[in-house]
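Peer 1: What follows is the file final-v5.json, containing JSON, C-alpha atoms and all ligand atoms:
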[["chain", "number", "residue", "atom", "x", "y", "z"],
["Z", 1, "MET", "CA", 56.05, -29.92, 17.91],
["Z", 2, "THR", "CA", 53.02, -28.82, 19.89],
["Z", 3, "GLU", "CA", 52.42, -25.10, 20.01],
["Z", 4, "THR", "CA", 51.64, -23.55, 23.36],
["Z", 5, "ALA", "CA", 47.90, -23.08, 23.52],
["Z", 6, "SER", "CA", 46.95, -19.43, 23.34],
["Z", 7, "GLN", "CA", 43.53, -17.96, 23.92],
["Z", 8, "ARG", "CA", 41.99, -14.57, 23.34],
["Z", 9, "LEU", "CA", 40.89, -13.53, 26.82],
["Z", 10, "PHE", "CA", 39.38, -10.65, 28.74],
["Z", 11, "PHE", "CA", 38.15, -9.93, 32.26],
["Z", 12, "ALA", "CA", 34.51, -8.85, 32.37],
["Z", 13, "LEU", "CA", 31.38, -8.46, 34.38],
["Z", 14, "TRP", "CA", 28.96, -10.99, 32.99],
["Z", 15, "PRO", "CA", 25.28, -10.11, 33.49],
["Z", 16, "GLY", "CA", 22.96, -12.64, 35.10],
["Z", 17, "GLY", "CA", 19.56, -13.52, 33.68],
["Z", 18, "VAL", "CA", 17.70, -10.61, 35.26],
["Z", 19, "GLN", "CA", 20.14, -7.95, 34.05],
["Z", 20, "ARG", "CA", 20.43, -9.55, 30.64],
["Z", 21, "GLU", "CA", 16.67, -9.37, 30.25],
["Z", 22, "GLN", "CA", 16.55, -5.78, 31.50],
["Z", 23, "LEU", "CA", 19.22, -4.80, 29.01],
["Z", 24, "GLU", "CA", 16.72, -5.51, 26.24],
["Z", 25, "ARG", "CA", 14.72, -2.46, 27.40],
["Z", 26, "TYR", "CA", 17.32, -0.13, 25.97],
["Z", 27, "ARG", "CA", 17.18, -1.50, 22.45],
["Z", 28, "PRO", "CA", 14.18, 0.56, 21.29],
["Z", 29, "LEU", "CA", 16.07, 3.73, 22.28],
["Z", 30, "LEU", "CA", 18.71, 2.91, 19.69],
["Z", 31, "ARG", "CA", 16.45, 2.84, 16.68],
["Z", 32, "GLY", "CA", 17.78, 5.11, 13.99],
["Z", 33, "CYS", "CA", 21.33, 5.02, 15.29],
["Z", 34, "GLY", "CA", 22.48, 2.53, 12.68],
["Z", 35, "GLY", "CA", 24.83, -0.37, 13.17],
["Z", 36, "ARG", "CA", 24.31, -3.81, 14.52],
["Z", 37, "PRO", "CA", 23.11, -4.82, 17.97],
["Z", 38, "ILE", "CA", 25.20, -7.11, 20.16],
["Z", 39, "ARG", "CA", 23.44, -10.45, 20.52],
["Z", 40, "PRO", "CA", 21.67, -10.70, 23.92],
["Z", 41, "GLU", "CA", 23.79, -13.63, 25.10],
["Z", 42, "ASN", "CA", 26.97, -11.70, 24.26],
["Z", 43, "LEU", "CA", 26.28, -8.55, 26.30],
["Z", 44, "HIS", "CA", 28.98, -7.90, 28.91],
["Z", 45, "LEU", "CA", 31.02, -5.18, 30.52],
["Z", 46, "THR", "CA", 34.74, -5.49, 29.74],
["Z", 47, "LEU", "CA", 37.03, -4.80, 32.69],
["Z", 48, "ALA", "CA", 40.36, -5.50, 31.02],
["Z", 49, "PHE", "CA", 41.15, -6.76, 27.54],
["Z", 50, "LEU", "CA", 44.03, -9.22, 27.61],
["Z", 51, "GLY", "CA", 44.37, -10.30, 23.98],
["Z", 52, "ASN", "CA", 46.07, -13.55, 23.04],
["Z", 53, "VAL", "CA", 47.48, -15.05, 26.17],
["Z", 54, "ASP", "CA", 49.61, -18.19, 26.56],
["Z", 55, "GLU", "CA", 49.07, -20.72, 29.34],
["Z", 56, "ALA", "CA", 51.79, -19.43, 31.64],
["Z", 57, "THR", "CA", 50.49, -15.88, 31.40],
["Z", 58, "ARG", "CA", 46.95, -17.06, 32.00],
["Z", 59, "LYS", "CA", 48.10, -18.87, 35.13],
["Z", 60, "CYS", "CA", 49.86, -15.74, 36.32],
["Z", 61, "LEU", "CA", 46.74, -13.65, 35.73],
["Z", 62, "GLU", "CA", 44.54, -16.16, 37.51],
["Z", 63, "GLN", "CA", 46.83, -16.15, 40.53],
["Z", 64, "ALA", "CA", 46.83, -12.37, 40.60],
["Z", 65, "ALA", "CA", 43.03, -12.41, 40.40],
["Z", 66, "ASP", "CA", 42.90, -14.91, 43.28],
["Z", 67, "ALA", "CA", 44.55, -12.27, 45.45],
["Z", 68, "ILE", "CA", 41.90, -9.61, 44.77],
["Z", 69, "THR", "CA", 39.82, -8.98, 47.87],
["Z", 70, "LEU", "CA", 37.30, -6.29, 47.01],
["Z", 71, "PRO", "CA", 33.73, -6.14, 48.28],
["Z", 72, "PRO", "CA", 30.60, -6.58, 46.15],
["Z", 73, "PHE", "CA", 28.94, -3.40, 44.85],
["Z", 74, "THR", "CA", 25.97, -2.26, 42.80],
["Z", 75, "LEU", "CA", 26.11, -0.55, 39.43],
["Z", 76, "LYS", "CA", 23.44, 1.88, 38.31],
["Z", 77, "LEU", "CA", 23.95, 2.17, 34.58],
["Z", 78, "ASP", "CA", 21.88, 5.18, 33.58],
["Z", 79, "GLN", "CA", 23.55, 6.80, 30.56],
["Z", 80, "LEU", "CA", 23.59, 6.01, 26.90],
["Z", 81, "GLY", "CA", 26.61, 7.20, 25.01],
["Z", 82, "PHE", "CA", 28.17, 7.04, 21.56],
["Z", 83, "TRP", "CA", 31.86, 6.90, 20.76],
["Z", 84, "ARG", "CA", 32.38, 8.09, 17.24],
["Z", 85, "ARG", "CA", 35.72, 6.51, 16.45],
["Z", 86, "PRO", "CA", 35.05, 2.96, 17.61],
["Z", 87, "GLN", "CA", 31.43, 3.49, 16.46],
["Z", 88, "VAL", "CA", 29.90, 1.96, 19.57],
["Z", 89, "ILE", "CA", 26.82, 2.81, 21.56],
["Z", 90, "TRP", "CA", 27.04, 1.89, 25.22],
["Z", 91, "LEU", "CA", 25.15, 1.91, 28.46],
["Z", 92, "GLY", "CA", 27.27, 3.33, 31.23],
["Z", 93, "GLN", "CA", 27.66, 5.32, 34.38],
["Z", 94, "GLU", "CA", 29.69, 8.47, 34.83],
["Z", 95, "PRO", "CA", 31.78, 9.00, 36.77],
["Z", 96, "THR", "CA", 32.85, 5.38, 37.12],
["Z", 97, "PRO", "CA", 31.85, 4.22, 40.61],
["Z", 98, "GLU", "CA", 34.78, 3.88, 43.00],
["Z", 99, "PRO", "CA", 34.50, 0.08, 43.57],
["Z", 100, "LEU", "CA", 34.50, -0.57, 39.82],
["Z", 101, "LEU", "CA", 37.48, 1.73, 39.36],
["Z", 102, "ALA", "CA", 39.24, -0.19, 42.13],
["Z", 103, "LEU", "CA", 38.52, -3.53, 40.45],
["Z", 104, "SER", "CA", 39.72, -2.35, 37.06],
["Z", 105, "GLY", "CA", 42.83, -0.92, 38.75],
["Z", 106, "GLU", "CA", 43.60, -4.27, 40.38],
["Z", 107, "LEU", "CA", 43.25, -6.02, 37.04],
["Z", 108, "LYS", "CA", 45.56, -3.51, 35.36],
["Z", 109, "ARG", "CA", 48.11, -4.22, 38.09],
["Z", 110, "ALA", "CA", 47.64, -7.95, 37.49],
["Z", 111, "MET", "CA", 48.35, -7.42, 33.79],
["Z", 112, "LEU", "CA", 51.53, -5.47, 34.53],
["Z", 113, "ALA", "CA", 52.67, -8.10, 37.01],
["Z", 114, "CYS", "CA", 52.19, -10.76, 34.32],
["Z", 115, "GLY", "CA", 54.06, -8.90, 31.60],
["Z", 116, "LEU", "CA", 51.06, -7.50, 29.71],
["Z", 117, "GLU", "CA", 50.44, -3.89, 28.82],
["Z", 118, "PRO", "CA", 47.16, -2.56, 30.16],
["Z", 119, "ASP", "CA", 45.21, 0.11, 28.29],
["Z", 120, "PRO", "CA", 46.81, 3.38, 29.46],
["Z", 121, "ARG", "CA", 43.52, 5.28, 29.17],
["Z", 122, "PRO", "CA", 41.45, 5.79, 32.30],
["Z", 123, "PHE", "CA", 38.75, 3.17, 32.75],
["Z", 124, "ARG", "CA", 35.26, 4.27, 31.73],
["Z", 125, "THR", "CA", 32.18, 2.26, 32.64],
["Z", 126, "HIS", "CA", 30.58, 1.08, 29.42],
["Z", 127, "LEU", "CA", 28.62, -1.92, 28.28],
["Z", 128, "THR", "CA", 28.50, -2.01, 24.49],
["Z", 129, "LEU", "CA", 24.98, -2.40, 23.09],
["Z", 130, "GLN", "CA", 25.55, -1.64, 19.43],
["Z", 131, "ARG", "CA", 28.48, -1.64, 17.04],
["Z", 132, "ARG", "CA", 29.13, 0.24, 13.80],
["Z", 133, "ALA", "CA", 26.65, 2.87, 14.93],
["Z", 134, "HIS", "CA", 26.52, 6.27, 13.25],
["Z", 135, "ARG", "CA", 24.55, 8.45, 15.62],
["Z", 136, "THR", "CA", 24.20, 9.41, 19.28],
["Z", 137, "PRO", "CA", 21.00, 8.05, 20.85],
["Z", 138, "ARG", "CA", 18.39, 10.73, 21.46],
["Z", 139, "SER", "CA", 18.05, 9.88, 25.14],
["Z", 140, "ARG", "CA", 21.19, 10.30, 27.17],
["Z", 141, "GLU", "CA", 19.74, 9.82, 30.63],
["Z", 142, "VAL", "CA", 17.83, 6.56, 30.89],
["Z", 143, "PRO", "CA", 16.14, 4.59, 33.67],
["Z", 144, "PRO", "CA", 19.00, 2.89, 35.50],
["Z", 145, "LEU", "CA", 19.91, -0.74, 35.11],
["Z", 146, "GLU", "CA", 20.52, -1.78, 38.70],
["Z", 147, "TRP", "CA", 23.15, -4.47, 38.72],
["Z", 148, "PRO", "CA", 24.37, -6.02, 41.96],
["Z", 149, "VAL", "CA", 27.89, -7.18, 41.16],
["Z", 150, "ASP", "CA", 29.27, -9.97, 43.30],
["Z", 151, "SER", "CA", 31.72, -11.57, 40.92],
["Z", 152, "PHE", "CA", 33.96, -10.96, 37.93],
["Z", 153, "MET", "CA", 34.87, -13.34, 35.16],
["Z", 154, "LEU", "CA", 37.64, -14.44, 32.83],
["Z", 155, "VAL", "CA", 36.14, -14.85, 29.37],
["Z", 156, "ALA", "CA", 37.49, -16.51, 26.24],
["Z", 157, "SER", "CA", 36.58, -15.02, 22.87],
["Z", 158, "GLU", "CA", 36.49, -17.02, 19.69],
["Z", 159, "THR", "CA", 35.71, -15.63, 16.28],
["Z", 160, "ARG", "CA", 33.63, -18.02, 14.21],
["Z", 161, "PRO", "CA", 32.06, -17.56, 10.78],
["Z", 162, "GLU", "CA", 28.68, -16.97, 12.46],
["Z", 163, "GLY", "CA", 30.13, -14.33, 14.75],
["Z", 164, "VAL", "CA", 32.05, -13.99, 18.00],
["Z", 165, "VAL", "CA", 31.39, -16.59, 20.71],
["Z", 166, "TYR", "CA", 32.29, -15.93, 24.35],
["Z", 167, "GLU", "CA", 32.83, -18.50, 27.05],
["Z", 168, "VAL", "CA", 33.17, -17.68, 30.73],
["Z", 169, "VAL", "CA", 36.15, -19.79, 31.76],
["Z", 170, "ARG", "CA", 36.47, -18.68, 35.40],
["Z", 171, "GLU", "CA", 34.61, -16.68, 37.97],
["Z", 172, "TRP", "CA", 35.86, -14.95, 41.13],
["Z", 173, "ARG", "CA", 33.42, -13.97, 43.84],
["Z", 174, "LEU", "CA", 33.92, -10.57, 45.38],
["Z", 175, "GLY", "CA", 34.25, -10.39, 49.15],
["Z", 176, "VAL", "CA", 35.50, -13.99, 49.28],
["Z", 177, "VAL", "CA", 39.14, -15.09, 49.43],
["Z", 178, "SER", "CA", 39.83, -17.67, 46.69],
["Z", 201, "LIG", "P1", 34.68, -8.83, 17.24],
["Z", 201, "LIG", "O1", 36.08, -8.34, 17.44],
["Z", 201, "LIG", "O2", 34.60, -10.17, 16.60],
["Z", 201, "LIG", "O3", 33.79, -7.83, 16.64],
["Z", 201, "LIG", "P2", 34.42, -8.41, 20.06],
["Z", 201, "LIG", "O4", 35.14, -7.12, 19.88],
["Z", 201, "LIG", "O5", 33.19, -8.42, 20.90],
["Z", 201, "LIG", "O6", 34.04, -9.08, 18.70],
["Z", 201, "LIG", "P3", 36.91, -9.29, 21.09],
["Z", 201, "LIG", "O7", 37.61, -8.48, 20.04],
["Z", 201, "LIG", "O8", 37.46, -10.63, 21.44],
["Z", 201, "LIG", "O9", 35.40, -9.50, 20.70],
["Z", 201, "LIG", "O10", 36.86, -8.40, 22.39],
["Z", 201, "LIG", "C1", 36.36, -8.89, 23.62],
["Z", 201, "LIG", "C2", 36.00, -7.71, 24.49],
["Z", 201, "LIG", "O11", 37.15, -6.89, 24.71],
["Z", 201, "LIG", "C3", 34.96, -6.78, 23.86],
["Z", 201, "LIG", "O12", 34.18, -6.22, 24.91],
["Z", 201, "LIG", "C4", 35.78, -5.72, 23.19],
["Z", 201, "LIG", "O13", 35.08, -4.49, 23.09],
["Z", 201, "LIG", "C5", 36.95, -5.60, 24.15],
["Z", 201, "LIG", "N1", 38.17, -5.22, 23.43],
["Z", 201, "LIG", "C6", 38.64, -5.79, 22.30],
["Z", 201, "LIG", "N2", 39.80, -5.23, 21.91],
["Z", 201, "LIG", "C7", 40.08, -4.28, 22.82],
["Z", 201, "LIG", "C8", 41.13, -3.34, 22.99],
["Z", 201, "LIG", "N3", 42.16, -3.27, 22.15],
["Z", 201, "LIG", "N4", 41.07, -2.50, 24.03],
["Z", 201, "LIG", "C9", 40.05, -2.56, 24.90],
["Z", 201, "LIG", "N5", 39.03, -3.41, 24.82],
["Z", 201, "LIG", "C10", 39.02, -4.26, 23.80],
["Z", 202, "MG", "MG", 36.99, -6.83, 18.80]]
Show how you would write the structure in this file as structure tokens.
Ligand code: ATP
Ligand code: MG
Peer 2:
Amino acid sequence: MTETASQRLFFALWPGGVQREQLERYRPLLRGCGGRPIRPENLHLTLAFLGNVDEATRKCLEQAADAITLPPFTLKLDQLGFWRRPQVIWLGQEPTPEPLLALSGELKRAMLACGLEPDPRPFRTHLTLQRRAHRTPRSREVPPLEWPVDSFMLVASETRPEGVVYEVVREWRLGVVS
């Protein structure tokens, strides 16, 4: 009997080449914080973590995402932060800009509509730079990463012996009806 294919999925903002390169500027500010940096090609901003999702649920989520009609916006990520319990250092923006909050809200609604349980905590803008960190970076305010956001992505995550590998499996343009 064939098992229903299930994938570990999440919705994310996936940086383009320019932003990915600019993200490297923040690395030197994290020296002495301990932990391990996220590989450059893996940097992303998670919008909604879905977990292991079967095909029917994925289809449901994709249809719900098709119905999202929000305009493009620009992020100005200008804060470094450290969360002690998950031991991550992130680049973020506080408070979360309204259009990003709206997008994450729509995706939470999509999850509920498709029988998944969204994270009950309020969304906070954070792009993880370093894991298993021990210390807060010395600089909190940093020169902003300006990131014009005109799409969001569905990403598959696969854990391999050499580390996690992400694959963007679908992209939705903002301001365009799919
Ligand atoms: P690894 O788990 O191998 O260290 P990872 O955490 O980057 O790698 P995933 O666990 O597949 O890979 O997670 C994908 C994305 O979703 C990451 O940005 C991760 O921080 C986020 N994420 C994972 N689990 C949760 C969760 N329970 N709640 C919120 N976000 C999560
Ligand atoms: Mg994980």
Peer 1: Can you tell me, as a ChimeraX atom specification, what residues are no more than 10 Å from segment 133-150 of chain Z when counting all atoms listed in the file, ignoring any on the same chain fewer than 2 positions away?
Peer 2: /Z:13-16,18-20,22-23,25-26,29-37,70-93,100,129-131,152,172-176
Peer 1: Using all atoms listed in the file, which residues of the polymer chains come no farther than 12 Å from ligand MG 202 (chain Z)? I'd like the answer as a CSV table (one decimal) with C-alpha atoms, in the frame of the given file.
Peer 2:
chain,number,residue,atom,x,y,z
Z,8,ARG,CA,42.0,-14.6,23.3
Z,9,LEU,CA,40.9,-13.5,26.8
Z,10,PHE,CA,39.4,-10.6,28.7
Z,38,ILE,CA,25.2,-7.1,20.2
Z,46,THR,CA,34.7,-5.5,29.7
Z,49,PHE,CA,41.2,-6.8,27.5
Z,50,LEU,CA,44.0,-9.2,27.6
Z,51,GLY,CA,44.4,-10.3,24.0
Z,86,PRO,CA,35.0,3.0,17.6
Z,87,GLN,CA,31.4,3.5,16.5
Z,88,VAL,CA,29.9,2.0,19.6
Z,128,THR,CA,28.5,-2.0,24.5
Z,131,ARG,CA,28.5,-1.6,17.0
Z,132,ARG,CA,29.1,0.2,13.8
Z,157,SER,CA,36.6,-15.0,22.9
Z,158,GLU,CA,36.5,-17.0,19.7
Z,159,THR,CA,35.7,-15.6,16.3
Z,163,GLY,CA,30.1,-14.3,14.8
Z,164,VAL,CA,32.0,-14.0,18.0
Z,165,VAL,CA,31.4,-16.6,20.7
Z,166,TYR,CA,32.3,-15.9,24.4
Peer 1: Do you have the atom O6 of ligand LIG 201 (chain Z)-atom CA of Asp66 of chain Z distance handy?
Peer 2: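 Distance reported for this atom pair: 26.8 Å.
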Peer 1: Provide the atom CA of Gly105 of chain Z to atom CA of Arg39 of chain Z distance in Å, to one decimal place.
Peer 2: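 Interatomic distance, atom CA of Gly105 of chain Z to atom CA of Arg39 of chain Z: 28.3 Å.
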Peer 1: Calculated over all atoms listed in the file, which of the candidates Z:Glu24, Z:Glu162, Z:Glu62, Z:Asp119 has the smallest distance to ligand LIG 201 (chain Z)?
Peer 2: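 Nearest to ligand LIG 201 (chain Z): Z:Asp119.
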Peer 1: Go ahead and compute the interatomic distance for atom N4 of ligand LIG 201 (chain Z) and atom CA of Glu117 of chain Z, in Å to one decimal.
Peer 2: 10.6 Å
Peer 1: Fewer than 6 positions away in the same chain doesn't count, so skip those; otherwise give me all residues within 9 Å of Arg58 of chain Z, counting all atoms listed in the file, as a ChimeraX atom specification.
Peer 2: /Z:6-7,9,114
Peer 1: Please determine, counting only C-alpha atoms and all ligand atoms, which residue among Z:Val168, Z:Ala156, Z:Leu103, Z:Ala64 has the shortest atom-to-atom distance to ligand LIG 201 (chain Z).
Peer 2: Z:Ala156
Peer 1: Would you kindly return, as a PyMOL selection string, each protein, DNA or RNA residue with an atom no farther than 8 Å from any atom of Val169 of chain Z, considering only C-alpha atoms and excluding same-chain residues fewer than 4 positions away?
Peer 2: chain Z and resi 153-156
Peer 1: All heavy atoms are needed for segment 6-17 of chain Z; please write them out as a compact mmCIF listing (two decimals), in the coordinates of the input.
Peer 2:
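Wrote out-v2.txt, looks like this:
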# COMPACT_ATOMS: atom_id res chain seq x y z
N SER Z 6 47.16 -20.84 23.03
CA SER Z 6 46.95 -19.43 23.34
C SER Z 6 45.49 -19.11 23.11
O SER Z 6 44.86 -19.63 22.19
CB SER Z 6 47.89 -18.60 22.47
OG SER Z 6 47.26 -17.45 21.99
N GLN Z 7 44.95 -18.30 23.99
CA GLN Z 7 43.53 -17.96 23.92
C GLN Z 7 43.37 -16.46 23.94
O GLN Z 7 44.15 -15.75 24.59
CB GLN Z 7 42.81 -18.48 25.17
CG GLN Z 7 42.45 -19.94 25.16
CD GLN Z 7 41.78 -20.30 26.47
OE1 GLN Z 7 42.34 -20.07 27.54
NE2 GLN Z 7 40.58 -20.85 26.39
N ARG Z 8 42.33 -15.98 23.26
CA ARG Z 8 41.99 -14.57 23.34
C ARG Z 8 41.09 -14.40 24.56
O ARG Z 8 40.01 -14.99 24.63
CB ARG Z 8 41.24 -14.17 22.07
CG ARG Z 8 40.98 -12.70 21.92
CD ARG Z 8 40.36 -12.47 20.55
NE ARG Z 8 39.93 -11.11 20.35
CZ ARG Z 8 40.72 -10.16 19.86
NH1 ARG Z 8 41.96 -10.44 19.50
NH2 ARG Z 8 40.25 -8.94 19.70
N LEU Z 9 41.57 -13.60 25.51
CA LEU Z 9 40.89 -13.53 26.82
C LEU Z 9 40.61 -12.09 27.24
O LEU Z 9 41.29 -11.16 26.81
CB LEU Z 9 41.79 -14.15 27.89
CG LEU Z 9 42.10 -15.65 27.80
CD1 LEU Z 9 43.13 -16.03 28.86
CD2 LEU Z 9 40.84 -16.49 27.96
N PHE Z 10 39.61 -11.94 28.07
CA PHE Z 10 39.38 -10.65 28.74
C PHE Z 10 38.69 -10.88 30.07
O PHE Z 10 38.00 -11.88 30.26
CB PHE Z 10 38.60 -9.68 27.85
CG PHE Z 10 37.24 -10.16 27.38
CD1 PHE Z 10 36.07 -9.69 27.98
CD2 PHE Z 10 37.11 -11.06 26.33
CE1 PHE Z 10 34.82 -10.11 27.54
CE2 PHE Z 10 35.86 -11.50 25.89
CZ PHE Z 10 34.71 -11.02 26.49
N PHE Z 11 38.89 -9.94 31.00
CA PHE Z 11 38.15 -9.93 32.26
C PHE Z 11 36.89 -9.10 32.03
O PHE Z 11 36.95 -8.05 31.37
CB PHE Z 11 38.97 -9.30 33.38
CG PHE Z 11 40.05 -10.18 33.93
CD1 PHE Z 11 41.39 -9.89 33.70
CD2 PHE Z 11 39.73 -11.30 34.70
CE1 PHE Z 11 42.40 -10.69 34.23
CE2 PHE Z 11 40.73 -12.12 35.23
CZ PHE Z 11 42.06 -11.82 35.00
N ALA Z 12 35.77 -9.56 32.59
CA ALA Z 12 34.51 -8.85 32.37
C ALA Z 12 33.56 -9.05 33.53
O ALA Z 12 33.73 -9.96 34.35
CB ALA Z 12 33.86 -9.36 31.08
N LEU Z 13 32.56 -8.19 33.57
CA LEU Z 13 31.38 -8.46 34.38
C LEU Z 13 30.38 -9.09 33.44
O LEU Z 13 30.11 -8.54 32.36
CB LEU Z 13 30.81 -7.16 34.98
CG LEU Z 13 31.76 -6.38 35.90
CD1 LEU Z 13 31.06 -5.13 36.44
CD2 LEU Z 13 32.28 -7.25 37.04
N TRP Z 14 29.85 -10.22 33.85
CA TRP Z 14 28.96 -10.99 32.99
C TRP Z 14 27.56 -10.90 33.58
O TRP Z 14 27.34 -11.37 34.69
CB TRP Z 14 29.46 -12.45 32.94
CG TRP Z 14 29.05 -13.15 31.72
CD1 TRP Z 14 28.09 -14.12 31.63
CD2 TRP Z 14 29.56 -12.93 30.41
NE1 TRP Z 14 27.97 -14.51 30.31
CE2 TRP Z 14 28.86 -13.80 29.55
CE3 TRP Z 14 30.53 -12.07 29.88
CZ2 TRP Z 14 29.11 -13.83 28.18
CZ3 TRP Z 14 30.77 -12.11 28.53
CH2 TRP Z 14 30.07 -12.97 27.70
N PRO Z 15 26.61 -10.30 32.89
CA PRO Z 15 25.28 -10.11 33.49
C PRO Z 15 24.58 -11.44 33.75
O PRO Z 15 24.73 -12.39 32.98
CB PRO Z 15 24.50 -9.33 32.42
CG PRO Z 15 25.50 -8.86 31.43
CD PRO Z 15 26.68 -9.78 31.52
N GLY Z 16 23.82 -11.48 34.84
CA GLY Z 16 22.96 -12.64 35.10
C GLY Z 16 21.68 -12.51 34.29
O GLY Z 16 21.50 -11.55 33.54
N GLY Z 17 20.80 -13.47 34.47
CA GLY Z 17 19.56 -13.52 33.68
C GLY Z 17 18.71 -12.27 33.80
O GLY Z 17 18.21 -11.75 32.81
